Amino acid sequence: MGVGIAHRFAARGAEVTVVDVDMDHAVASVERVRATLDEAARRGKLDDAEAAKARLAPAGSVDELPEALEAIIEAIIEDVDAKRAVLVTAGTRRPEVLASNTSSISIDSLAEPLERPDRFIGMHFFNPVWAMDLVEVIKGSATSDETVAKTLDIVGFLGMQAAVVNDSPGFASSRLGVLLGLEAIRMVEEGVAEPADIDRAMELGYGFPMGPLRTGDLVGLDVRLAIAEHLATVYGERFEPPQLLRDMVAEGRLGRKTGRGFYDWER
């Protein structure tokens, strides 16, 4: 997700610093973003890839960022403690907007250790960020109206649209999307239909741009499992992950990133 977010900002004219666990990883991440910009130009989706690539820079830690940036967006794994640690450090850089790309974790929970929770907000992007125009903007109980307004300005700058929701686990998109995805997995588990046929039913019958199983492969089935497990602790058994999902994750069949999930991505 971080690669996609950096791509979108750089393509729209922003100066972007990509932070990773160390400088080697950060340089590799910047190269991944640059490759996506080249691909966008090749497909006619971007006029000047070279200018966009020049707006990217790597950093090996959050401490290397300058103070008072317009925005810092955290986009690491869906783990409360890990996110809090990054966000606390990012908060010391005093950005105008501090955002988390979480897809399911409560914004109020993430805000607990922050000195300025009024400047903290959720910005849930969708994969692939360069092609999806929605940002789910999540207001915490301490998020100021000024922060919401600045965030909506950022969304507009990116050429995207916002769906503004109040903080609750899973928000709107993940809560609905995960529930649909879990039911689709249960249908495969029960032998109701093949994955491609289930997806085709939703794409052609309901106008979905991508079926729930292919979407799960794209997001990562390990991510889907983690979100479902978290939501099950809040909302109960309707979010309990099917055994098939647990088995696939245990086997390393995580979707596109490992080459196999409900689909074969290596072909």
# chains A, B, ... in the order shown; residues from 1 in each chain; ligands from 1
call {"tool": "residues_around", "arguments": {"residues": "Arg94 of chain A", "least_positions_apart": "4", "cutoff": "8 Å", "atoms": "only C-alpha atoms", "output": "PyMOL selection string"}}
result
chain A and resi 67-69+90
call {"tool": "select_by_dssp", "arguments": {"residues": "segment 11-93 of chain A", "states": "helix (DSSP H, G or I)", "output": "PyMOL selection string"}}
result
chain A and resi 11+23-42+49-54+62-64+80-91
call {"tool": "write_last_selection", "arguments": {"atoms": "N, CA and C atoms", "output": "compact mmCIF listing (two decimals), in the first residue's frame"}}
result
# COMPACT_ATOMS: atom_id res chain seq x y z
N ALA A 11 2.85 11.24 -8.60
CA ALA A 11 2.24 11.45 -9.91
C ALA A 11 1.43 12.75 -9.96
N MET A 23 17.67 2.16 5.39
CA MET A 23 17.88 2.85 4.11
C MET A 23 17.88 1.90 2.93
N ASP A 24 18.43 0.70 3.09
CA ASP A 24 18.43 -0.26 1.98
C ASP A 24 17.01 -0.59 1.55
N HIS A 25 16.14 -0.85 2.54
CA HIS A 25 14.74 -1.15 2.21
C HIS A 25 14.05 0.07 1.62
N ALA A 26 14.37 1.26 2.12
CA ALA A 26 13.75 2.47 1.61
C ALA A 26 14.13 2.71 0.15
N VAL A 27 15.41 2.51 -0.18
CA VAL A 27 15.86 2.67 -1.56
C VAL A 27 15.14 1.67 -2.46
N ALA A 28 15.00 0.43 -1.99
CA ALA A 28 14.29 -0.59 -2.78
C ALA A 28 12.82 -0.21 -2.97
N SER A 29 12.22 0.36 -1.94
CA SER A 29 10.81 0.77 -2.04
C SER A 29 10.65 1.90 -3.04
N VAL A 30 11.58 2.86 -3.01
CA VAL A 30 11.52 3.96 -3.98
C VAL A 30 11.66 3.42 -5.40
N GLU A 31 12.52 2.44 -5.59
CA GLU A 31 12.67 1.85 -6.92
C GLU A 31 11.39 1.15 -7.36
N ARG A 32 10.69 0.54 -6.42
CA ARG A 32 9.40 -0.09 -6.76
C ARG A 32 8.39 0.97 -7.19
N VAL A 33 8.37 2.09 -6.49
CA VAL A 33 7.45 3.17 -6.87
C VAL A 33 7.82 3.69 -8.26
N ARG A 34 9.10 3.89 -8.50
CA ARG A 34 9.54 4.39 -9.81
C ARG A 34 9.15 3.42 -10.93
N ALA A 35 9.21 2.13 -10.65
CA ALA A 35 8.81 1.14 -11.66
C ALA A 35 7.32 1.26 -11.97
N THR A 36 6.51 1.51 -10.96
CA THR A 36 5.06 1.67 -11.21
C THR A 36 4.78 2.95 -11.99
N LEU A 37 5.57 3.99 -11.76
CA LEU A 37 5.40 5.23 -12.52
C LEU A 37 5.78 5.02 -13.98
N ASP A 38 6.87 4.28 -14.22
CA ASP A 38 7.25 3.96 -15.61
C ASP A 38 6.15 3.16 -16.30
N GLU A 39 5.57 2.21 -15.58
CA GLU A 39 4.50 1.40 -16.16
C GLU A 39 3.28 2.26 -16.47
N ALA A 40 2.96 3.21 -15.58
CA ALA A 40 1.83 4.10 -15.83
C ALA A 40 2.07 4.93 -17.09
N ALA A 41 3.30 5.40 -17.27
CA ALA A 41 3.62 6.17 -18.47
C ALA A 41 3.52 5.30 -19.72
N ARG A 42 4.00 4.07 -19.61
CA ARG A 42 3.93 3.15 -20.76
C ARG A 42 2.51 2.90 -21.20
N ALA A 49 6.78 10.63 -16.37
CA ALA A 49 7.25 9.74 -15.31
C ALA A 49 8.56 10.23 -14.72
N GLU A 50 9.43 10.81 -15.55
CA GLU A 50 10.73 11.25 -15.05
C GLU A 50 10.58 12.33 -13.99
N ALA A 51 9.67 13.27 -14.21
CA ALA A 51 9.44 14.33 -13.23
C ALA A 51 8.87 13.75 -11.94
N ALA A 52 7.96 12.81 -12.08
CA ALA A 52 7.37 12.18 -10.89
C ALA A 52 8.42 11.40 -10.11
N LYS A 53 9.28 10.67 -10.82
CA LYS A 53 10.32 9.88 -10.15
C LYS A 53 11.31 10.78 -9.42
N ALA A 54 11.55 11.96 -9.98
CA ALA A 54 12.49 12.89 -9.35
C ALA A 54 11.96 13.46 -8.05
N VAL A 62 11.80 7.32 10.47
CA VAL A 62 10.90 8.47 10.58
C VAL A 62 11.64 9.68 11.13
N ASP A 63 12.64 9.46 11.97
CA ASP A 63 13.41 10.56 12.56
C ASP A 63 14.11 11.42 11.52
N GLU A 64 14.32 10.87 10.34
CA GLU A 64 15.00 11.63 9.29
C GLU A 64 14.09 12.62 8.58
N VAL A 80 -1.63 -3.18 16.13
CA VAL A 80 -1.85 -1.98 16.93
C VAL A 80 -0.55 -1.45 17.51
N ASP A 81 0.22 -2.31 18.17
CA ASP A 81 1.44 -1.86 18.84
C ASP A 81 2.46 -1.32 17.85
N ALA A 82 2.60 -2.01 16.72
CA ALA A 82 3.56 -1.55 15.71
C ALA A 82 3.15 -0.20 15.15
N LYS A 83 1.87 -0.04 14.86
CA LYS A 83 1.39 1.23 14.33
C LYS A 83 1.56 2.35 15.36
N ARG A 84 1.22 2.08 16.61
CA ARG A 84 1.37 3.11 17.64
C ARG A 84 2.81 3.59 17.74
N ALA A 85 3.75 2.65 17.70
CA ALA A 85 5.17 3.02 17.81
C ALA A 85 5.58 3.96 16.68
N VAL A 86 5.17 3.64 15.45
CA VAL A 86 5.51 4.49 14.30
C VAL A 86 4.82 5.84 14.42
N LEU A 87 3.56 5.82 14.81
CA LEU A 87 2.78 7.07 14.88
C LEU A 87 3.30 8.01 15.97
N VAL A 88 3.72 7.45 17.11
CA VAL A 88 4.27 8.30 18.17
C VAL A 88 5.52 9.01 17.67
N THR A 89 6.40 8.27 17.01
CA THR A 89 7.62 8.89 16.46
C THR A 89 7.26 9.93 15.40
N ALA A 90 6.33 9.57 14.52
CA ALA A 90 5.91 10.50 13.47
C ALA A 90 5.32 11.78 14.06
N GLY A 91 4.61 11.64 15.18
CA GLY A 91 4.01 12.80 15.82
C GLY A 91 5.03 13.82 16.29
call {"tool": "residues_around", "arguments": {"residues": "Val164 of chain A", "least_positions_apart": "4", "cutoff": "7 Å", "atoms": "only C-alpha atoms", "output": "PDB file with C-alpha atoms, in the first residue's frame"}}
result
ATOM      1  CA  GLU A 136     -12.155   6.292   3.338  1.00  0.00           C
ATOM      2  CA  VAL A 137     -11.545   9.157   5.773  1.00  0.00           C
ATOM      3  CA  ILE A 138     -12.085   8.100   9.388  1.00  0.00           C
TER       4      ILE A 138
END
call {"tool": "closest_residue", "arguments": {"among": "A:Ala172, A:Leu218, A:Ile227, A:Val148", "to": "Asp264 of chain A", "atoms": "only C-alpha atoms"}}
result
A:Leu218
call {"tool": "closest_residue", "arguments": {"among": "A:Arg175, A:Arg119, A:Arg93, A:Arg200", "to": "Leu65 of chain A", "atoms": "only C-alpha atoms"}}
result
A:Arg93
call {"tool": "residues_around", "arguments": {"residues": "Leu179 of chain A", "least_positions_apart": "5", "cutoff": "9 Å", "atoms": "only C-alpha atoms", "output": "mmCIF file with N, CA and C atoms, in the first residue's frame"}}
result
data_model
loop_
_atom_site.group_PDB
_atom_site.id
_atom_site.type_symbol
_atom_site.label_atom_id
_atom_site.label_comp_id
_atom_site.auth_asym_id
_atom_site.auth_seq_id
_atom_site.Cartn_x
_atom_site.Cartn_y
_atom_site.Cartn_z
ATOM 1 N N SER A 174 -14.275 -1.933 5.059
ATOM 2 C CA SER A 174 -13.734 -3.228 5.473
ATOM 3 C C SER A 174 -14.808 -4.089 6.117
ATOM 4 N N ALA A 184 -17.949 -15.565 0.524
ATOM 5 C CA ALA A 184 -17.495 -16.154 -0.736
ATOM 6 C C ALA A 184 -16.539 -17.312 -0.479
ATOM 7 N N ALA A 228 -10.281 -10.082 9.635
ATOM 8 C CA ALA A 228 -11.430 -10.872 10.070
ATOM 9 C C ALA A 228 -11.298 -11.280 11.532
ATOM 10 N N ARG A 238 -20.084 -13.797 13.165
ATOM 11 C CA ARG A 238 -20.304 -13.590 11.731
ATOM 12 C C ARG A 238 -19.013 -13.202 11.012
ATOM 13 N N PHE A 239 -17.997 -12.763 11.755
ATOM 14 C CA PHE A 239 -16.705 -12.452 11.165
ATOM 15 C C PHE A 239 -15.662 -13.531 11.443
#
call {"tool": "residues_around", "arguments": {"residues": "Ala142 of chain A", "least_positions_apart": "6", "cutoff": "10 Å", "atoms": "only C-alpha atoms", "output": "list in words"}}
result
Ile107, Asp108, Ala111, Glu112, Arg116, Pro117, Asp118, Arg119, Phe120 and Ile121 of chain A
call {"tool": "residues_around", "arguments": {"residues": "Arg256 of chain A", "least_positions_apart": "5", "cutoff": "12 Å", "atoms": "only C-alpha atoms", "output": "MDAnalysis selection string"}}
result
chainID A and resid 213:222 261:267
call {"tool": "residues_around", "arguments": {"residues": "Ile73 of chain A", "least_positions_apart": "5", "cutoff": "8 Å", "atoms": "only C-alpha atoms", "output": "ChimeraX atom specification"}}
result
/A:98-101,123
call {"tool": "closest_residue", "arguments": {"among": "A:Met248, A:Val129, A:Ile5, A:Met160", "to": "Ile76 of chain A", "atoms": "only C-alpha atoms"}}
result
A:Ile5
call {"tool": "closest_residue", "arguments": {"among": "A:Ser106, A:Thr147, A:Asp79, A:Ala10", "to": "Val234 of chain A", "atoms": "only C-alpha atoms"}}
result
A:Ser106
call {"tool": "closest_residue", "arguments": {"among": "A:Leu231, A:Leu46, A:Val19, A:Leu158", "to": "Asp133 of chain A", "atoms": "only C-alpha atoms"}}
result
A:Leu158
call {"tool": "atom_distance", "arguments": {"atom1": "atom CA of Ala201 of chain A", "atom2": "atom CA of Arg186 of chain A"}}
result
15.4 Å
call {"tool": "closest_residue", "arguments": {"among": "A:Pro209, A:Gly122, A:Gly4, A:Gly255", "to": "Ala163 of chain A", "atoms": "only C-alpha atoms"}}
result
A:Gly122
call {"tool": "select_by_dssp", "arguments": {"residues": "segment 120-170 of chain A", "states": "strand (DSSP E)", "output": "list in words"}}
result
Phe120, Ile121, Gly122, Met123, His124, Phe125, Leu134, Val135, Glu136, Val137, Ile138, Lys139, Gln161, Ala162, Ala163, Val164, Val165 and Asn166 of chain A
